[in-house]
Amino acid sequence: MEFAIFFFFAAVAIIFALVVVLHRNPVVGALSLVASFFALAVMYVLLEAPFLAALQVIVYAGAIMVLFLFVIMLLNLQHMAEPVTRPIQQFLGYTTGAAFGVGLIYYLAKYAVFDKLPEGAFPSDAHSVGVALFQEYVFPFEMVSILLLAAIVGALLLSGRTYAKREAAR
Amino acid sequence: MAFDATDIALSALKIGIVLFMMLNITPIMVWVERRGSALIQDRPGPNRVGPFGLFQSFADALKFILKEDIVPAQAHKWLYTMAPAFGLLPALTTIAVVPWGRAFRLPEKVWFGRHVFENRPIFEPVVVDVSAGILIVFALASLSVYGITIAGWSSNNKYSLFGAIRASAQMISYELSLTLAAVSVLLASGSLRLTDVVWRQTGYFVLFDTLKLPAWNVLSPAMWIAFVIFTVSAFAETNRLPFDFAEAEAELVAGYHTEYSSMKFALFFMAEYMAMGTMSALIVTLFLGGWDIPWWNEPATWQGFLATALFFLLKVTGMLFVFVWVRWTIPRLKYDILMRIGWKVFLPLAIVNIVVVAGFIAARWI
């Protein structure tokens with residue numbers, strides 16, 4: 001039963017991930033990414049981590065992808081022609097992608113452990129995640145917070161109307 | 001996890017009950033909405049089909065089915081067809097984690113010579129009681145924006161697109177205050193599980209050693225603000241007046257579902273009312289004590305379960321009526337005011353409220 005569900009949703013995740021890359025319409029691509037994220041959330045449920053599954057859906061499908069879709073719709077990319085690419089760009093793109101893919105599979109085959117999964121339910125409820133974040137990983141956690149703050153300030157500075165700009169416009 | 005036939009049958013029964021309730025919310029609420037609006041505006045309202053116009057909704061449903069289903073020529077056909085389903089799915093599934101009655105031990109019975117409920121399993125009246133309860137609600141609720149967005153975009157109509165863009169901006173903004181208002185409740189109950197949240201509210205606040213108030217979160221001095229924020233944000237999340245900018249008939253024809261007709265339109269309609277029902281159930285669960293009947297110690301028998309389930313239904317019905325009441329009382333806001341109060345009033349208030357509740361907990365007052 002679990003295997004059937006796993007393979008079904010693994011197939012869904014991979015197929016929709018392929019659609020993201022291959023489909024020409026950016027809106028369809030964004031929605032396929034949402035479907036792929038959702039299938040990934042099912043994997044977390046199968047690993048008995050409903051907390052992580054919920055976070056996966058809230059953060060990626062519910063927040064980030066909505067904003068992506070929002071921007072795509074606002075820009076109305078639907079009728080935009082594909083930008084012209086030079087052969088060297090295409091060649092470099094394919095080579096980098098292929099190299100990355102081969103490297104990923106190589107390391108996965110070499111280092112991933114398939115026979116040493118933790119026994120029973122993995123501690124992934126809100127409590128243990130909170131404890132891990134604020135004790136063991138508190139430094140990276142705070143670093144990420146500062147990084148996000150910098151990004152917010154940067155976005156505000158780039159898009160916001162400052163006093164000087166308003167004066168210049170006048 | 002091992003399942004036996006009893007578990008599966010009980011789960012199917014629970015799903016059936018919840019689904020039945022959710023599907024029947026729409027026709028009943030449409031009737032309440034029309035008669036309620038007529039009552040508020042001092043006019044008769046629909047009173048021709050059946051007693052008090054009760055069968056008006058059935059006539060409407062029949063009309064929806066018989067109408068021609070039109071797909072605009074320039075629409076994105078696939079997404080246009082799938083959008084109503086995307087809208088309906090979160091509305092239907094979110095209710096699964098909300099408990100709707102007191103758990104009780106099933107009595108052992110002999111039916112047709114077979115022992116049923118032999119080890120007397122506990123009947124927990126909630127479809128799935130997951131540890132991440134409230135987060136599942138927010139996860140699914142955050143997906144409900146896709147139905148509106150895709151509908152608006154795929155119709156290839158500027159009014160639809162405007163409705164969709166407004167709706168997504170509005171829902172993203174108010175989701176934050178909605179979630180943060182719920183966080184204060186979760187802080188106080190110390191659990192994400194909604195059954196725990198309800199159990200914590202079954203006690204009493206004792207005032208001056210005499211007055212016993214039910215320990216509902218709305219009556220707690222630290223959390224009534226969260227209740228106000230949550231309720232207002234719930235109105236915005238369900239796109240109800242005074243926040244119905246996704247439709248805004250005066251400006252956008254019918255907003256995101258301008259191009260929809262027949263049953264596809266009816267599905268959006270159903271999704272709206274189901275989302276209202278889910279939100280009402282959530283408000284009741286988080287702030288109004290869930291299924292708790294004040295000043296009565298509910299017994300853990302089927303009588304106790306039935307009484308609590310009916311009382312829960314009564315509370316949800318009351319909340320649903322508030323939705324209708326507000327719709328016909330308060331006019332639509334301006335869009336910039338909506339955004340301003342969302343980001344500059346409700347969000348800071350919700351954050352301050354979390355700090356206040358945390359302080360109360362640190363001081364062991366709640």
# chains A, B, ... in the order shown; residues from 1 in each chain; ligands from 1

call {"tool": "interface_residues", "arguments": {"of": "chain A", "to": "chain B", "cutoff": "10 Å", "atoms": "only C-alpha atoms", "output": "PyMOL selection string"}}
result
chain A and resi 27-28+31+34+49-63+65-67+69-71+73-74+76+125-127

call {"tool": "residues_around", "arguments": {"residues": "region 299-309 of chain B", "least_positions_apart": "5", "cutoff": "8 Å", "atoms": "only C-alpha atoms", "output": "PyMOL selection string"}}
result
chain B and resi 100-106+291-293

call {"tool": "write_last_selection", "arguments": {"atoms": "N, CA and C atoms", "output": "mmCIF file, in the first residue's frame"}}
result
data_model
loop_
_atom_site.group_PDB
_atom_site.id
_atom_site.type_symbol
_atom_site.label_atom_id
_atom_site.label_comp_id
_atom_site.auth_asym_id
_atom_site.auth_seq_id
_atom_site.Cartn_x
_atom_site.Cartn_y
_atom_site.Cartn_z
ATOM 1 N N TRP B 100 -15.745 17.722 15.812
ATOM 2 C CA TRP B 100 -17.119 18.241 15.865
ATOM 3 C C TRP B 100 -17.954 17.563 16.932
ATOM 4 N N GLY B 101 -17.327 17.049 17.979
ATOM 5 C CA GLY B 101 -18.102 16.470 19.071
ATOM 6 C C GLY B 101 -17.175 15.862 20.102
ATOM 7 N N ARG B 102 -17.745 15.466 21.242
ATOM 8 C CA ARG B 102 -16.931 14.869 22.281
ATOM 9 C C ARG B 102 -16.685 13.405 21.944
ATOM 10 N N ALA B 103 -15.451 12.963 22.156
ATOM 11 C CA ALA B 103 -15.128 11.564 21.891
ATOM 12 C C ALA B 103 -15.847 10.676 22.911
ATOM 13 N N PHE B 104 -16.272 9.498 22.466
ATOM 14 C CA PHE B 104 -16.916 8.591 23.422
ATOM 15 C C PHE B 104 -16.564 7.157 23.065
ATOM 16 N N ARG B 105 -16.726 6.272 24.054
ATOM 17 C CA ARG B 105 -16.387 4.871 23.863
ATOM 18 C C ARG B 105 -17.593 4.149 23.291
ATOM 19 N N LEU B 106 -17.374 3.463 22.185
ATOM 20 C CA LEU B 106 -18.502 2.790 21.538
ATOM 21 C C LEU B 106 -18.961 1.599 22.375
ATOM 22 N N TRP B 291 -16.867 22.184 20.613
ATOM 23 C CA TRP B 291 -18.140 21.537 20.919
ATOM 24 C C TRP B 291 -18.530 21.701 22.378
ATOM 25 N N ASP B 292 -17.743 22.451 23.162
ATOM 26 C CA ASP B 292 -17.974 22.551 24.608
ATOM 27 C C ASP B 292 -19.320 23.208 24.924
ATOM 28 N N ILE B 293 -20.105 22.558 25.778
ATOM 29 C CA ILE B 293 -21.339 23.151 26.280
ATOM 30 C C ILE B 293 -21.043 23.732 27.648
#

call {"tool": "residues_around", "arguments": {"residues": "region 199-214 of chain B", "least_positions_apart": "6", "cutoff": "10 Å", "atoms": "only C-alpha atoms", "output": "ChimeraX atom specification"}}
result
/B:102,188-191,220,285-298,366
